[in-house]
Amino acid sequence: MSKLCASCFGLSIDGFGAGPDQDINNPLGVGGMGLHQWFFATRTFQKIHGDGDGATGIDNDFAERGFDKVGAWILGRNMFGPIRGAWPDDKWKGWWGETPPYHTQVFVLTHHPRESIEMDGGTTFHFVTDGIQAALNRAKEAAGGLDVRIGGGTATVRQYLQAGLIDQLHIAISPVILGSGESLFAGIDLLKLGYKCTEHVTTPAAMHVVLEK
């Protein structure tokens with residue numbers, strides 16, 4: 001059965017999923033890249049973005065799991081790019097160049113309509129203006145029985161959590177303090193929503209925690 005998952009989500013010790021002041025030079029906000037150092041070193045990441053010669057072990061195992069059986073993705077608009085408001089043109093096509101790492105259909109939440117974009121490598125970005133449930137319905141249909149993964153950002157994961165729609169959330173808590181930014185859990189009662197911790201493993205780079213309903 002298809003599940004909605006948020007996987008490999010980097011979190012600071014003080015609970016932030018992104019730093020402040022996102023712009024084209026700081027796609028994850030100031031200091032936000034530090035949340036993902038555990039991931040950058042893995043063989044999984046290096047196969048996608050590097051020379052393939054990354055580290056194996058527990059961190060890589062969680063990274064691999066994050067891509068297993070994923071048939072479609074959902075992204076918040078800030079994860080797609082730094083542009084705010086109405087799209088000025090069609091030039092911006094994401095942070096990833098001509099070959100994004102998704103290789104599936106990706107549904108981007110936005111308040112402003114835009115035509116779908118077909119990219120190299122099998123990724124197609126669709127822009128959804130009628131809310132998180134509509135995006136999930138379309139993503140599940142596109143996934144064809146496989147799982148749907150939320151790629152972030154923090155506000156998007158929060159929306160799906162608050163609605164009780166996420167079946168599994170994997171967070172990687174990095175030894176980083178951001179001080180400010182986007183809080184993941186502030187004001188969210190995970191117990192009331194029915195979530196429980198089903199797995200927790202610590203490595204030198206991160207503490208991996210899995211929450212499920």
# chains A, B, ... in the order shown; residues from 1 in each chain; ligands from 1
>>> select_by_dssp(residues="chain A", states="alpha helix (DSSP H)", output="ChimeraX atom specification")
/A:37-40,43-49,58-67,77-80,132-143,154-162,190-193
>>> select_by_dssp(residues="range 30-194 of chain A", states="strand (DSSP E or B)", output="number ranges by chain")
A: 42, 55, 70-76, 105-109, 117-118, 124-128, 147-150, 168-173, 182-183
>>> closest_residue(among="A:Val176, A:Ile74, A:Gln46, A:Met79", to="Ala134 in chain A", atoms="only C-alpha atoms")
A:Ile74
>>> residues_around(residues="range 93-101 of chain A", least_positions_apart="6", cutoff="9 Å", atoms="only C-alpha atoms", output="list in words")
Ile24, Pro27, Ile48, His49, Met79, Phe80, Gly81, Ile117, Met119, Asp120, Gly121, Gly122, Thr123 and Phe125 of chain A
>>> write_last_selection(atoms="C-alpha atoms", output="mmCIF file, in the first residue's frame")
data_model
loop_
_atom_site.group_PDB
_atom_site.id
_atom_site.type_symbol
_atom_site.label_atom_id
_atom_site.label_comp_id
_atom_site.auth_asym_id
_atom_site.auth_seq_id
_atom_site.Cartn_x
_atom_site.Cartn_y
_atom_site.Cartn_z
ATOM 1 C CA ILE A 24 19.868 31.845 -4.113
ATOM 2 C CA PRO A 27 19.020 27.436 -0.534
ATOM 3 C CA ILE A 48 23.648 11.047 -7.401
ATOM 4 C CA HIS A 49 25.831 14.144 -7.211
ATOM 5 C CA MET A 79 12.361 23.732 -2.138
ATOM 6 C CA PHE A 80 11.937 24.349 -5.837
ATOM 7 C CA GLY A 81 13.545 27.790 -5.794
ATOM 8 C CA ILE A 117 8.163 21.253 -16.898
ATOM 9 C CA MET A 119 13.341 17.692 -17.453
ATOM 10 C CA ASP A 120 16.084 15.290 -18.459
ATOM 11 C CA GLY A 121 16.261 11.984 -16.609
ATOM 12 C CA GLY A 122 12.521 11.436 -16.258
ATOM 13 C CA THR A 123 11.637 14.251 -13.841
ATOM 14 C CA PHE A 125 7.575 19.170 -12.269
#
>>> closest_residue(among="A:Ala172, A:Ile83, A:Leu75, A:Ala63", to="Pro204 in chain A", atoms="only C-alpha atoms")
A:Ala172
>>> closest_residue(among="A:Tyr160, A:Tyr195, A:Tyr102, A:Trp73", to="Ala139 in chain A", atoms="only C-alpha atoms")
A:Trp73
>>> decode(residues="range 34-67 of chain A", atoms="N, CA and C atoms", output="tab-separated table (two decimals), in the first residue's frame")
chain	number	residue	atom	x	y	z
A	34	GLY	N	24.57	22.71	7.00
A	34	GLY	CA	25.17	21.90	8.06
A	34	GLY	C	24.28	20.77	8.54
A	35	LEU	N	22.99	20.86	8.30
A	35	LEU	CA	22.06	19.81	8.72
A	35	LEU	C	22.22	18.54	7.91
A	36	HIS	N	22.88	18.62	6.78
A	36	HIS	CA	22.90	17.50	5.85
A	36	HIS	C	24.31	16.95	5.59
A	37	GLN	N	25.27	17.32	6.45
A	37	GLN	CA	26.62	16.80	6.27
A	37	GLN	C	26.64	15.28	6.38
A	38	TRP	N	25.80	14.72	7.22
A	38	TRP	CA	25.72	13.26	7.34
A	38	TRP	C	25.36	12.62	6.01
A	39	PHE	N	24.48	13.29	5.26
A	39	PHE	CA	23.99	12.77	3.98
A	39	PHE	C	25.00	12.98	2.86
A	40	PHE	N	25.64	14.14	2.82
A	40	PHE	CA	26.58	14.46	1.75
A	40	PHE	C	27.72	13.45	1.69
A	41	ALA	N	28.08	12.87	2.81
A	41	ALA	CA	29.21	11.95	2.85
A	41	ALA	C	28.87	10.53	2.40
A	42	THR	N	27.57	10.24	2.25
A	42	THR	CA	27.17	8.86	1.97
A	42	THR	C	27.40	8.48	0.51
A	43	ARG	N	27.50	7.18	0.30
A	43	ARG	CA	27.63	6.67	-1.07
A	43	ARG	C	26.37	6.98	-1.87
A	44	THR	N	25.21	6.95	-1.22
A	44	THR	CA	23.96	7.26	-1.91
A	44	THR	C	24.00	8.65	-2.51
A	45	PHE	N	24.42	9.64	-1.72
A	45	PHE	CA	24.50	11.01	-2.23
A	45	PHE	C	25.55	11.12	-3.32
A	46	GLN	N	26.69	10.48	-3.13
A	46	GLN	CA	27.78	10.59	-4.10
A	46	GLN	C	27.44	9.91	-5.43
A	47	LYS	N	26.60	8.89	-5.38
A	47	LYS	CA	26.14	8.28	-6.63
A	47	LYS	C	25.29	9.26	-7.44
A	48	ILE	N	24.54	10.10	-6.73
A	48	ILE	CA	23.65	11.05	-7.40
A	48	ILE	C	24.39	12.30	-7.85
A	49	HIS	N	25.25	12.82	-6.98
A	49	HIS	CA	25.83	14.14	-7.21
A	49	HIS	C	27.36	14.17	-7.30
A	50	GLY	N	28.02	13.05	-7.04
A	50	GLY	CA	29.47	13.07	-6.99
A	50	GLY	C	30.12	11.97	-7.80
A	51	ASP	N	31.18	11.40	-7.24
A	51	ASP	CA	31.95	10.38	-7.95
A	51	ASP	C	31.55	8.96	-7.56
A	52	GLY	N	30.57	8.83	-6.68
A	52	GLY	CA	30.11	7.50	-6.29
A	52	GLY	C	30.92	6.85	-5.21
A	53	ASP	N	31.96	7.54	-4.72
A	53	ASP	CA	32.88	6.95	-3.76
A	53	ASP	C	32.60	7.46	-2.36
A	54	GLY	N	31.35	7.35	-1.92
A	54	GLY	CA	30.99	7.83	-0.59
A	54	GLY	C	31.04	6.73	0.45
A	55	ALA	N	30.68	7.10	1.68
A	55	ALA	CA	30.77	6.19	2.80
A	55	ALA	C	29.56	5.26	2.85
A	56	THR	N	29.80	4.03	3.32
A	56	THR	CA	28.72	3.10	3.61
A	56	THR	C	28.46	3.12	5.12
A	57	GLY	N	27.60	2.24	5.60
A	57	GLY	CA	27.31	2.20	7.01
A	57	GLY	C	25.90	2.69	7.30
A	58	ILE	N	25.63	3.00	8.57
A	58	ILE	CA	24.27	3.32	9.01
A	58	ILE	C	23.71	4.55	8.32
A	59	ASP	N	24.50	5.63	8.22
A	59	ASP	CA	24.00	6.83	7.56
A	59	ASP	C	23.60	6.54	6.12
A	60	ASN	N	24.42	5.76	5.43
A	60	ASN	CA	24.11	5.42	4.05
A	60	ASN	C	22.88	4.51	3.96
A	61	ASP	N	22.73	3.62	4.94
A	61	ASP	CA	21.55	2.75	4.95
A	61	ASP	C	20.27	3.58	5.02
A	62	PHE	N	20.25	4.60	5.88
A	62	PHE	CA	19.07	5.46	5.97
A	62	PHE	C	18.88	6.27	4.69
A	63	ALA	N	19.98	6.72	4.11
A	63	ALA	CA	19.88	7.46	2.85
A	63	ALA	C	19.28	6.59	1.75
A	64	GLU	N	19.73	5.34	1.65
A	64	GLU	CA	19.20	4.42	0.65
A	64	GLU	C	17.71	4.17	0.88
A	65	ARG	N	17.33	3.97	2.12
A	65	ARG	CA	15.93	3.73	2.44
A	65	ARG	C	15.04	4.89	2.00
A	66	GLY	N	15.60	6.09	2.05
A	66	GLY	CA	14.83	7.27	1.66
A	66	GLY	C	14.45	7.31	0.19
A	67	PHE	N	15.18	6.56	-0.63
A	67	PHE	CA	14.89	6.54	-2.06
A	67	PHE	C	14.23	5.23	-2.51
